[in-house]
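**Q** Supplied structure: query12.cif, mmCIF, C-alpha atoms.
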```
data_work
loop_
_atom_site.label_atom_id
_atom_site.label_comp_id
_atom_site.auth_asym_id
_atom_site.auth_seq_id
_atom_site.Cartn_x
_atom_site.Cartn_y
_atom_site.Cartn_z
CA MET A 1 9.00 -78.81 -7.05
CA ALA A 2 5.28 -78.51 -6.49
CA ALA A 3 2.82 -75.78 -7.38
CA VAL A 4 2.02 -73.62 -4.36
CA LEU A 5 -1.36 -72.02 -5.02
CA ALA A 6 -3.62 -74.34 -6.96
CA ALA A 7 -6.61 -71.98 -6.79
CA ALA A 8 -4.72 -69.13 -8.41
CA PRO A 9 -3.34 -68.89 -11.97
CA LEU A 10 0.28 -69.45 -10.94
CA ALA A 11 1.53 -72.26 -13.12
CA GLY A 12 5.16 -71.35 -12.44
CA ALA A 13 4.86 -70.86 -8.70
CA GLN A 14 7.13 -73.07 -6.63
CA VAL A 15 7.70 -73.49 -2.93
CA PRO A 16 10.55 -75.13 -1.02
CA PRO A 17 9.93 -77.77 1.65
CA ASP A 18 9.87 -75.21 4.50
CA GLY A 19 6.83 -73.44 3.04
CA GLY A 20 8.57 -70.42 1.59
CA LEU A 21 7.39 -67.63 3.92
CA ALA A 22 9.17 -66.33 7.00
CA PRO A 23 7.19 -64.49 9.69
CA PRO A 24 6.53 -60.87 8.68
CA PRO A 25 8.87 -57.95 9.36
CA ARG A 26 8.22 -56.05 12.56
CA MET A 27 8.62 -52.31 13.06
CA ASP A 28 9.67 -51.17 16.52
CA SER A 29 8.61 -47.87 18.07
CA ALA A 30 11.88 -46.14 17.17
CA GLU A 31 11.42 -47.04 13.52
CA ALA A 32 7.82 -45.87 13.64
CA ALA A 33 8.95 -42.45 14.79
CA THR A 34 11.27 -42.06 11.82
CA THR A 35 9.38 -43.81 9.01
CA THR A 36 5.77 -42.76 9.41
CA ALA A 37 6.19 -40.14 6.71
CA ALA A 38 9.39 -41.40 5.13
CA ALA A 39 8.21 -41.80 1.56
CA SER A 40 10.59 -40.17 -0.87
CA THR A 41 9.46 -37.08 -2.70
CA SER A 42 11.08 -38.55 -5.83
CA PRO A 43 9.62 -42.01 -6.50
CA ASN A 44 11.06 -44.14 -9.27
CA ALA A 45 10.28 -43.06 -12.81
CA GLY A 46 7.34 -44.94 -14.30
CA SER A 47 5.55 -45.47 -10.99
CA ALA A 48 2.34 -43.98 -12.36
CA ALA A 49 2.02 -47.08 -14.54
CA CYS A 50 1.53 -49.16 -11.37
CA THR A 51 -1.69 -47.41 -10.30
CA VAL A 52 -4.86 -49.55 -10.16
CA THR A 53 -8.46 -48.39 -9.77
CA ILE A 54 -11.30 -50.81 -8.96
CA ASP A 55 -14.86 -50.34 -7.75
CA PRO A 56 -15.25 -53.29 -5.33
CA ALA A 57 -19.05 -52.90 -5.35
CA SER A 58 -19.18 -53.46 -9.11
CA ARG A 59 -19.03 -57.03 -10.38
CA THR A 60 -18.06 -55.77 -13.83
CA SER A 61 -15.26 -53.55 -12.49
CA VAL A 62 -13.77 -56.37 -10.41
CA SER A 63 -14.06 -58.91 -13.23
CA ASN A 64 -12.49 -56.53 -15.73
CA ALA A 65 -9.62 -55.79 -13.34
CA TYR A 66 -9.04 -59.50 -12.71
CA PHE A 67 -8.74 -60.27 -16.42
CA GLY A 68 -7.20 -57.00 -17.53
CA VAL A 69 -4.81 -56.29 -14.66
CA PHE A 70 -4.27 -59.26 -12.34
CA LEU A 71 -3.78 -62.09 -14.83
CA PRO A 72 -1.41 -60.23 -17.19
CA GLN A 73 0.88 -59.38 -14.26
CA SER A 74 2.04 -63.00 -14.04
CA LEU A 75 3.00 -62.95 -17.72
CA ALA A 76 5.68 -60.26 -17.33
CA ALA A 77 9.14 -61.64 -18.13
CA ILE A 78 11.54 -61.46 -15.19
CA GLY A 79 14.64 -61.02 -17.34
CA TRP A 80 17.03 -61.39 -14.41
CA THR A 81 20.54 -60.27 -15.36
CA GLY A 82 22.46 -61.43 -12.27
CA THR A 83 24.29 -64.58 -11.16
CA ILE A 84 24.68 -66.47 -7.90
CA THR A 85 28.27 -67.48 -8.64
CA PRO A 86 29.84 -64.99 -8.62
CA CYS A 87 27.46 -62.90 -6.52
CA ALA A 88 25.75 -60.35 -8.74
CA ALA A 89 22.30 -59.10 -7.77
CA GLY A 90 21.57 -57.88 -11.28
CA THR A 91 18.20 -56.44 -12.21
CA THR A 92 14.83 -57.60 -13.47
CA THR A 93 12.97 -56.03 -16.36
CA ALA A 94 11.19 -52.76 -15.70
CA ALA A 95 7.94 -54.45 -16.74
CA TYR A 96 8.40 -57.22 -14.16
CA LEU A 97 9.15 -54.76 -11.38
CA ALA A 98 6.15 -52.65 -12.35
CA ALA A 99 3.90 -55.75 -12.46
CA THR A 100 4.96 -56.63 -8.92
CA ILE A 101 4.06 -53.22 -7.50
CA GLU A 102 0.93 -53.15 -9.65
CA ARG A 103 -0.19 -56.41 -8.04
CA VAL A 104 0.17 -54.77 -4.63
CA ASN A 105 -2.05 -51.99 -5.92
CA PHE A 106 -4.57 -54.47 -7.30
CA TYR A 107 -5.04 -55.99 -3.86
CA ARG A 108 -5.23 -52.57 -2.22
CA ALA A 109 -7.79 -51.26 -4.70
CA LEU A 110 -9.92 -54.39 -4.27
CA ALA A 111 -9.83 -53.79 -0.51
CA GLY A 112 -11.13 -50.25 -0.98
CA LEU A 113 -7.76 -48.54 -0.51
CA PRO A 114 -5.97 -46.21 -2.95
CA GLY A 115 -4.14 -48.41 -5.45
CA THR A 116 -1.41 -45.80 -5.80
CA VAL A 117 1.68 -47.28 -4.16
CA ALA A 118 4.69 -46.09 -6.15
CA LEU A 119 8.08 -47.68 -6.64
CA MET A 120 10.82 -46.49 -4.29
CA ASP A 121 14.02 -45.04 -5.69
CA ALA A 122 16.78 -47.07 -7.35
CA THR A 123 18.79 -47.41 -4.13
CA ALA A 124 15.89 -49.08 -2.32
CA VAL A 125 15.22 -51.37 -5.28
CA GLN A 126 18.89 -52.38 -5.36
CA GLY A 127 18.78 -53.22 -1.65
CA ALA A 128 15.74 -55.43 -2.15
CA GLN A 129 17.44 -57.11 -5.09
CA GLU A 130 20.53 -57.85 -2.98
CA ALA A 131 18.31 -59.31 -0.25
CA ALA A 132 16.62 -61.61 -2.76
CA LEU A 133 20.03 -62.72 -4.04
CA MET A 134 21.09 -63.69 -0.51
CA PHE A 135 17.96 -65.81 -0.09
CA ALA A 136 18.50 -67.61 -3.38
CA ALA A 137 22.23 -68.15 -2.78
CA ASN A 138 21.73 -69.58 0.73
CA GLY A 139 18.49 -71.44 0.13
CA GLN A 140 16.85 -69.84 3.16
CA ILE A 141 15.29 -66.57 4.24
CA SER A 142 15.83 -64.32 7.24
CA HIS A 143 15.02 -60.78 8.31
CA SER A 144 18.46 -60.72 9.95
CA PRO A 145 20.83 -62.50 7.56
CA PRO A 146 24.19 -63.18 9.27
CA ASP A 147 27.42 -61.72 7.97
CA GLY A 148 28.64 -65.18 6.99
CA TRP A 149 25.90 -65.75 4.43
CA LEU A 150 26.86 -66.11 0.79
CA CYS A 151 26.43 -62.87 -1.17
CA HIS A 152 25.88 -60.89 2.05
CA THR A 153 25.77 -57.10 1.73
CA ALA A 154 24.82 -54.43 4.23
CA ALA A 155 22.23 -53.00 1.86
CA GLY A 156 20.66 -56.43 1.34
CA ALA A 157 20.57 -57.15 5.05
CA GLY A 158 18.92 -53.79 5.73
CA ALA A 159 16.28 -54.46 3.10
CA ALA A 160 15.64 -57.96 4.48
CA GLY A 161 14.74 -56.50 7.86
CA ALA A 162 12.16 -54.15 6.35
CA SER A 163 10.58 -56.50 3.83
CA ASN A 164 8.10 -59.26 3.28
CA ILE A 165 10.35 -62.10 2.13
CA ALA A 166 9.74 -65.33 0.25
CA LEU A 167 11.70 -68.31 -1.05
CA GLY A 168 10.26 -70.35 -3.90
CA LEU A 169 8.26 -67.43 -5.30
CA ALA A 170 9.24 -64.21 -7.02
CA GLY A 171 7.60 -61.02 -8.25
CA PRO A 172 3.81 -60.94 -8.68
CA ASP A 173 3.43 -64.57 -7.58
CA ALA A 174 5.05 -63.80 -4.22
CA MET A 175 2.39 -61.15 -3.63
CA VAL A 176 -0.27 -63.88 -3.81
CA ALA A 177 1.52 -65.83 -1.07
CA TYR A 178 1.88 -62.74 1.13
CA MET A 179 -1.85 -62.07 0.86
CA ASP A 180 -2.85 -65.65 1.66
CA ASP A 181 -0.29 -65.56 4.50
CA TYR A 182 -0.09 -69.30 5.11
CA GLY A 183 2.35 -70.99 7.47
CA SER A 184 2.47 -71.80 11.16
CA GLY A 185 4.32 -68.58 12.05
CA ASN A 186 1.94 -66.26 10.22
CA GLY A 187 -1.23 -66.33 12.27
CA MET A 188 -1.08 -62.56 12.66
CA VAL A 189 -1.20 -62.21 8.80
CA GLY A 190 1.54 -59.61 9.00
CA HIS A 191 2.52 -59.83 5.34
CA ARG A 192 -1.07 -59.07 4.36
CA ARG A 193 -1.32 -56.33 6.96
CA TRP A 194 1.72 -54.54 5.54
CA ILE A 195 0.43 -54.73 1.96
CA LEU A 196 -2.96 -53.39 3.06
CA TYR A 197 -1.56 -50.85 5.54
CA PRO A 198 -3.44 -47.69 4.51
CA PRO A 199 -0.48 -45.21 4.74
CA GLN A 200 1.67 -47.21 2.30
CA ALA A 201 2.94 -44.80 -0.37
CA GLN A 202 6.07 -46.45 -1.80
CA MET A 203 7.56 -49.93 -1.87
CA ALA A 204 10.56 -51.61 -3.45
CA SER A 205 10.87 -55.15 -4.73
CA GLY A 206 13.74 -57.45 -5.63
CA SER A 207 13.34 -60.85 -7.28
CA ILE A 208 15.57 -63.71 -8.43
CA ASP A 209 14.41 -66.31 -10.94
CA GLY A 210 14.72 -70.07 -10.45
CA SER A 211 17.39 -70.71 -13.06
CA ALA A 212 20.20 -71.47 -10.59
CA SER A 213 18.41 -71.86 -7.23
CA TRP A 214 15.03 -71.23 -5.65
CA PRO A 215 13.17 -68.14 -6.86
CA SER A 216 13.04 -65.46 -4.18
CA ASN A 217 11.55 -62.08 -3.38
CA ALA A 218 11.97 -59.19 -0.99
CA LEU A 219 9.14 -56.62 -0.93
CA ARG A 220 10.15 -53.59 1.10
CA VAL A 221 7.10 -52.62 3.14
CA ILE A 222 8.64 -50.51 5.92
CA GLY A 223 10.05 -47.08 5.20
CA GLY A 224 7.79 -45.71 2.47
CA PHE A 225 4.77 -44.45 4.39
CA GLY A 226 2.76 -41.38 3.52
CA ASN A 227 -0.44 -39.83 4.81
CA ARG A 228 -3.21 -42.13 6.02
CA PRO A 229 -6.23 -42.18 3.69
CA ALA A 230 -9.74 -42.40 5.07
CA THR A 231 -10.88 -45.96 5.79
CA PRO A 232 -14.26 -45.43 7.50
CA GLY A 233 -15.19 -49.11 7.21
CA GLY A 234 -11.86 -50.57 8.29
CA VAL A 235 -9.83 -52.87 6.04
CA ALA A 236 -10.98 -56.45 5.53
CA TRP A 237 -9.56 -59.42 3.66
CA PRO A 238 -11.35 -60.94 1.90
CA PRO A 239 -12.83 -57.48 1.38
CA ALA A 240 -16.35 -56.17 1.24
CA GLY A 241 -17.66 -56.34 -2.29
CA TYR A 242 -17.05 -58.72 -5.16
CA VAL A 243 -14.08 -61.09 -4.88
CA PRO A 244 -12.97 -63.64 -7.51
CA TRP A 245 -12.82 -67.05 -5.84
CA GLN A 246 -9.24 -67.46 -7.03
CA LEU A 247 -8.14 -64.69 -4.64
CA LEU A 248 -9.53 -66.20 -1.44
CA PRO A 249 -7.05 -67.32 1.27
CA GLY A 250 -7.50 -71.00 0.45
CA LEU A 251 -4.22 -72.19 1.92
CA SER A 252 -4.37 -70.36 5.24
CA ASN A 253 -8.15 -70.06 5.70
CA ARG A 254 -7.32 -66.79 7.48
CA TRP A 255 -9.82 -63.94 7.21
CA SER A 256 -8.92 -60.61 8.76
CA PHE A 257 -10.24 -57.19 9.69
CA SER A 258 -8.02 -54.23 10.57
CA TRP A 259 -8.75 -50.98 12.37
CA PRO A 260 -6.01 -48.67 13.71
CA GLY A 261 -5.89 -48.61 17.49
CA ALA A 262 -8.79 -51.03 17.92
CA ASN A 263 -9.02 -53.44 20.83
CA PHE A 264 -10.16 -56.85 19.62
CA ALA A 265 -9.66 -58.71 22.91
CA GLN A 266 -13.42 -59.22 23.38
CA ALA A 267 -14.38 -59.30 19.70
CA THR A 268 -16.34 -62.16 18.19
CA VAL A 269 -17.13 -63.01 14.57
CA THR A 270 -20.20 -64.67 13.09
CA MET A 271 -20.64 -65.51 9.42
CA THR A 272 -23.44 -66.57 7.12
CA ARG A 273 -23.31 -67.98 3.60
CA ASP A 274 -26.29 -67.10 1.43
CA GLY A 275 -28.22 -66.38 4.61
CA GLN A 276 -27.37 -69.65 6.35
CA ALA A 277 -25.22 -69.56 9.47
CA LEU A 278 -21.74 -71.05 9.26
CA GLY A 279 -20.24 -72.87 12.23
CA SER A 280 -18.34 -71.16 15.03
CA VAL A 281 -15.12 -69.57 13.85
CA GLY A 282 -11.66 -70.14 15.29
CA TYR A 283 -9.32 -67.29 16.15
CA GLU A 284 -5.62 -66.69 15.76
CA PRO A 285 -3.83 -65.16 18.77
CA LEU A 286 -3.94 -61.37 18.70
CA ALA A 287 -0.68 -59.65 17.74
CA ASN A 288 -1.51 -55.96 18.04
CA ASP A 289 0.36 -52.80 19.07
CA ILE A 290 3.68 -54.60 18.56
CA GLY A 291 4.78 -53.41 15.11
CA TYR A 292 2.66 -55.26 12.54
CA ALA A 293 0.83 -52.32 10.92
CA ASP A 294 -2.78 -51.72 12.04
CA ASN A 295 -4.43 -53.74 14.81
CA THR A 296 -6.12 -56.77 13.32
CA LEU A 297 -8.52 -59.56 14.18
CA VAL A 298 -7.82 -62.86 12.40
CA TRP A 299 -10.30 -65.73 12.31
CA LEU A 300 -10.68 -69.11 10.63
CA PRO A 301 -14.16 -69.82 9.26
CA GLN A 302 -15.54 -73.34 9.50
CA GLY A 303 -17.10 -75.17 6.59
CA MET A 304 -15.49 -73.07 3.87
CA ASN A 305 -15.22 -74.29 0.28
CA TYR A 306 -12.47 -72.49 -1.59
CA GLY A 307 -13.18 -74.12 -4.93
CA GLN A 308 -15.03 -72.56 -7.85
CA PRO A 309 -18.56 -71.62 -6.76
CA ALA A 310 -21.55 -72.77 -8.79
CA ARG A 311 -23.04 -69.29 -8.45
CA ASP A 312 -22.29 -65.97 -6.80
CA THR A 313 -22.04 -66.71 -3.08
CA VAL A 314 -22.72 -64.07 -0.43
CA TYR A 315 -20.87 -64.21 2.88
CA ARG A 316 -21.97 -61.81 5.61
CA VAL A 317 -19.38 -61.10 8.28
CA THR A 318 -20.49 -59.56 11.60
CA ILE A 319 -17.98 -58.44 14.22
CA ASN A 320 -19.21 -57.66 17.72
CA GLY A 321 -17.40 -56.52 20.85
CA ALA A 322 -14.49 -54.56 19.40
CA SER A 323 -13.68 -51.23 21.05
CA GLY A 324 -11.36 -48.25 20.88
CA ASN A 325 -10.51 -45.48 18.44
CA GLY A 326 -13.99 -45.13 16.99
CA ILE A 327 -14.60 -48.70 15.87
CA PRO A 328 -18.32 -49.56 16.05
CA ALA A 329 -19.29 -52.04 18.76
CA SER A 330 -21.04 -54.00 16.02
CA LEU A 331 -20.30 -53.89 12.32
CA SER A 332 -21.02 -56.08 9.32
CA TYR A 333 -20.14 -56.33 5.66
CA GLN A 334 -20.78 -58.63 2.72
CA VAL A 335 -18.26 -60.51 0.60
CA VAL A 336 -19.59 -61.77 -2.74
CA VAL A 337 -17.45 -64.62 -4.03
CA PHE A 338 -17.83 -65.16 -7.76
CA HIS A 339 -16.32 -66.84 -10.78
CA PRO A 340 -15.20 -64.10 -13.19
CA ASP A 341 -16.40 -66.12 -16.19
CA GLY A 342 -19.85 -66.56 -14.67
CA PRO A 343 -23.01 -64.59 -15.49
CA PRO A 344 -23.70 -61.41 -13.53
CA GLU A 345 -26.28 -61.45 -10.77
CA THR A 346 -27.91 -58.52 -9.00
CA LEU A 347 -27.28 -58.86 -5.28
CA PHE A 348 -27.25 -55.33 -3.93
CA GLY A 349 -29.56 -52.39 -4.29
CA ASN A 350 -27.95 -49.53 -2.41
CA GLY A 351 -24.44 -50.80 -1.81
CA PHE A 352 -23.01 -52.37 1.32
CA ASP A 353 -23.64 -51.73 4.96
CA GLY A 354 -20.90 -51.64 7.55
#
```
In structure tokens, write the structure found in this file.
**A**
Amino acid sequence: MAAVLAAAPLAGAQVPPDGGLAPPPRMDSAEAATTTAAASTSPNAGSAACTVTIDPASRTSVSNAYFGVFLPQSLAAIGWTGTITPCAAGTTTAAYLAATIERVNFYRALAGLPGTVALMDATAVQGAQEAALMFAANGQISHSPPDGWLCHTAAGAGAAGASNIALGLAGPDAMVAYMDDYGSGNGMVGHRRWILYPPQAQMASGSIDGSASWPSNALRVIGGFGNRPATPGGVAWPPAGYVPWQLLPGLSNRWSFSWPGANFAQATVTMTRDGQALGSVGYEPLANDIGYADNTLVWLPQGMNYGQPARDTVYRVTINGASGNGIPASLSYQVVVFHPDGPPETLFGNGFDG
């Protein structure tokens, strides 16, 4: 079993031969009508511990969060109590479950969103756990697991259809894979889009360790929406501001920008690195207005180096030609890629433009 994300501190991460990620879950219009404000008024106890606050424009804030929040999340013990034979979904430790949701909040806070996603109630967590058990028991993943699968339950199947799902990764490490969003079926970066969907208020997660089969995860991302926070600059990944190089999408090379209701059919992207133009970018096919959270443009920069930078590196992204729902016809933002152990450098005077 090989390590999956060499650029990230995931020594225990493993991935099966099929790559480990299914395409993302899709929400149809009927679901949208019933789940837009479906977050429970009684989130799981202890959810406040999952909250993360980061100032993306502050190198110190991002570096401190990387060392003080992100890295410790992978050290949480899974403590899985279940079995595959006989089928018993069991539980993980409360600390492991909290670390998983906290990693979601780390990514959201770094992207300029509220890092306040709470844990859904115990019923939702149990459903996600049963979905993860099915994946581990059958050695495959599906948003529509058939009745004949080992360890099949109705609750697990329901959770599978509303979740980001992974085989070969569990808990916080699975969140890294969802954000990179590699794989031939993931050009729309739907896993990332759901994690960074601004109205997210609650999620549930279920994980199985690798003691008897592949590790697995189900992160419920549909059904816990709240009110939409303000996102005047859209939502980008990698985001505007300071970004540790370890968090870049090195496997997929997919950069993205989301804006609700935007039309990206005529949009183009140009990029510079430290003021020098990069080559023409490639584009993934658009997959908008069909149930993958906010409308999103996905591009593949040319000439990227996802290794450790010798110094803070400034990428300027400019998007022209988008239209609809208030998106500017031209917008730009800066991504400062840095090594958290490196010395600070002053790169901005009055913040970021966009």
**Q** How big is the axis-aligned box around all listed atoms of range 230-249 of chain A once 3 Å goes on each side, and where's its centre, in Å to one decimal, as lines of an AutoDock Vina configuration file?
**A**
```
center_x = -12.4
center_y = -54.9
center_z = 0.4
size_x = 16.6
size_y = 31.1
size_z = 21.8
```
**Q** Pull out every residue that the PyMOL selection byres ((chain A and resi 267-279) around 8) matches in the shown coordinates and put them as a PyMOL selection string.
**A** chain A and resi 264-266+280-281+299+301-303+313-322
**Q** Using the chain letters and numbering of this document, enumerate as a PyMOL selection string the residues selected by the PyMOL selection byres ((chain A and resi 100-106) around 6).
**A** chain A and resi 50+52+97-99+107-109+115+171-172
**Q** Using C-alpha atoms, can you write the selected residues to a file as a CSV table (one decimal), in the frame of the given file?
**A**
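result_28.csv was written with the following content:
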```
chain,number,residue,atom,x,y,z
A,50,CYS,CA,1.5,-49.2,-11.4
A,52,VAL,CA,-4.9,-49.6,-10.2
A,97,LEU,CA,9.2,-54.8,-11.4
A,98,ALA,CA,6.2,-52.6,-12.4
A,99,ALA,CA,3.9,-55.8,-12.5
A,107,TYR,CA,-5.0,-56.0,-3.9
A,108,ARG,CA,-5.2,-52.6,-2.2
A,109,ALA,CA,-7.8,-51.3,-4.7
A,115,GLY,CA,-4.1,-48.4,-5.4
A,171,GLY,CA,7.6,-61.0,-8.2
A,172,PRO,CA,3.8,-60.9,-8.7
```
**Q** When the PyMOL selection byres ((chain A and resi 232) around 12) is applied to the file above, which residues end up in the set, as a count of residues only?
**A** 21
**Q** Quick one: residues within 8 Å of Met188 in chain A, only C-alpha atoms, excluding same-chain residues fewer than 5 positions away - as a ChimeraX atom specification?
**A** /A:284-287,296,298
**Q** Here is a test: counting all atoms listed in the file, which residue of A:Tyr242, A:Phe67, A:Trp194, A:Trp149 is nearest to Tyr292 in chain A?
**A**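 Residue with the minimum atom-to-atom distance to Tyr292 in chain A: A:Trp194.
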**Q** I want to know what sits within 10 Å of Met179 in chain A, based on only C-alpha atoms, with residues of the same chain fewer than 4 positions away left out; could you give that as a list of chain:residue names?
**A**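 The residues satisfying every condition are A:Val104, A:Tyr107, A:Ala174, A:Met175, A:Val189, A:Gly190, A:His191, A:Arg192, A:Arg193, A:Trp194, A:Ile195, A:Leu196, A:Trp237, A:Pro238, A:Leu247, A:Leu248, A:Pro249, A:Ser252, A:Arg254.
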**Q** Do a neighbour search on Gly261 in chain A at 8 Å with only C-alpha atoms, toss out local chain neighbours closer than 3 positions, and write the hits as JSON, numbers by chain.
**A** {"A": [289, 294, 295, 324, 325]}
**Q** To one decimal place in Å, what is the distance between CA of Gly82 in chain A and CA of Leu133 in chain A?
**A**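 It comes out at 8.7 Å.
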**Q** What is the distance between CA of Ile84 in chain A and CA of Pro25 in chain A, in Å to one decimal?
**A**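 Computed distance, CA of Ile84 in chain A to CA of Pro25 in chain A, equals 24.9 Å.
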**Q** Just checking: using only C-alpha atoms, which residue out of A:Cys151, A:Ile222, A:Leu110, A:Ala76 ends up closest to Gln200 in chain A?
**A**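 Under the stated criterion, the closest residue is A:Ile222.
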**Q** How many Å lie between CA of Ala240 in chain A and CA of Val336 in chain A, rounded to one decimal?
**A** 7.6 Å
**Q** With all atoms listed in the file as the basis for distance, which of A:Gly148, A:Pro199, A:Gly156, A:Gly241 is at the shortest distance from Ala88 in chain A?
**A**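 Of A:Gly148, A:Pro199, A:Gly156, A:Gly241, the one nearest Ala88 in chain A, counting all atoms listed in the file, is A:Gly156.
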**Q** Could you pull the residues within 6 Å of Phe338 in chain A, counting all atoms listed in the file, minus those fewer than 4 positions along the same chain, as a compact mmCIF listing (two decimals) with C-alpha atoms, in the frame of the given file?
**A**
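Written file, selection06.txt:
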```
# COMPACT_ATOMS: atom_id res chain seq x y z
CA PRO A 244 -12.97 -63.64 -7.51
CA TRP A 245 -12.82 -67.05 -5.84
CA ASP A 312 -22.29 -65.97 -6.80
```
**Q** Considering all atoms listed in the file, can you say which of A:Ile208, A:Val335, A:Ala22, A:Ile54 comes closest to Ala128 in chain A?
**A**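 Of all the options, A:Ile208 lies closest to Ala128 in chain A.
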**Q** Which one of A:Ala65, A:Asp28, A:Gly185, A:Ala160 sits closest to Pro146 in chain A if you count all atoms listed in the file?
**A**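 Ranking A:Ala65, A:Asp28, A:Gly185, A:Ala160 by distance to Pro146 in chain A, first place goes to A:Ala160.
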**Q** Determine the nearest neighbour of Met120 in chain A from the options A:Gly20, A:Asn263, A:Gly291, A:Met203, counting all atoms listed in the file.
**A**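 Looking only at the distances to Met120 in chain A, the closest residue turns out to be A:Met203.
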**Q** Is it possible to get the residues within 10 Å of (16.2, -60.4, -7.9) (coordinates as in the file, counting only C-alpha atoms) written as a PyMOL selection string?
**A** chain A and resi 78-83+88-92+97+125-136+170-171+205-209+215-218
**Q** Please produce an output containing C-alpha atoms for each residue in the selection, written as a compact mmCIF listing (two decimals), keeping the file's coordinate frame.
**A**
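Output (again.txt):
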```txt
# COMPACT_ATOMS: atom_id res chain seq x y z
CA ILE A 78 11.54 -61.46 -15.19
CA GLY A 79 14.64 -61.02 -17.34
CA TRP A 80 17.03 -61.39 -14.41
CA THR A 81 20.54 -60.27 -15.36
CA GLY A 82 22.46 -61.43 -12.27
CA THR A 83 24.29 -64.58 -11.16
CA ALA A 88 25.75 -60.35 -8.74
CA ALA A 89 22.30 -59.10 -7.77
CA GLY A 90 21.57 -57.88 -11.28
CA THR A 91 18.20 -56.44 -12.21
CA THR A 92 14.83 -57.60 -13.47
CA LEU A 97 9.15 -54.76 -11.38
CA VAL A 125 15.22 -51.37 -5.28
CA GLN A 126 18.89 -52.38 -5.36
CA GLY A 127 18.78 -53.22 -1.65
CA ALA A 128 15.74 -55.43 -2.15
CA GLN A 129 17.44 -57.11 -5.09
CA GLU A 130 20.53 -57.85 -2.98
CA ALA A 131 18.31 -59.31 -0.25
CA ALA A 132 16.62 -61.61 -2.76
CA LEU A 133 20.03 -62.72 -4.04
CA MET A 134 21.09 -63.69 -0.51
CA PHE A 135 17.96 -65.81 -0.09
CA ALA A 136 18.50 -67.61 -3.38
CA ALA A 170 9.24 -64.21 -7.02
CA GLY A 171 7.60 -61.02 -8.25
CA SER A 205 10.87 -55.15 -4.73
CA GLY A 206 13.74 -57.45 -5.63
CA SER A 207 13.34 -60.85 -7.28
CA ILE A 208 15.57 -63.71 -8.43
CA ASP A 209 14.41 -66.31 -10.94
CA PRO A 215 13.17 -68.14 -6.86
CA SER A 216 13.04 -65.46 -4.18
CA ASN A 217 11.55 -62.08 -3.38
CA ALA A 218 11.97 -59.19 -0.99
```
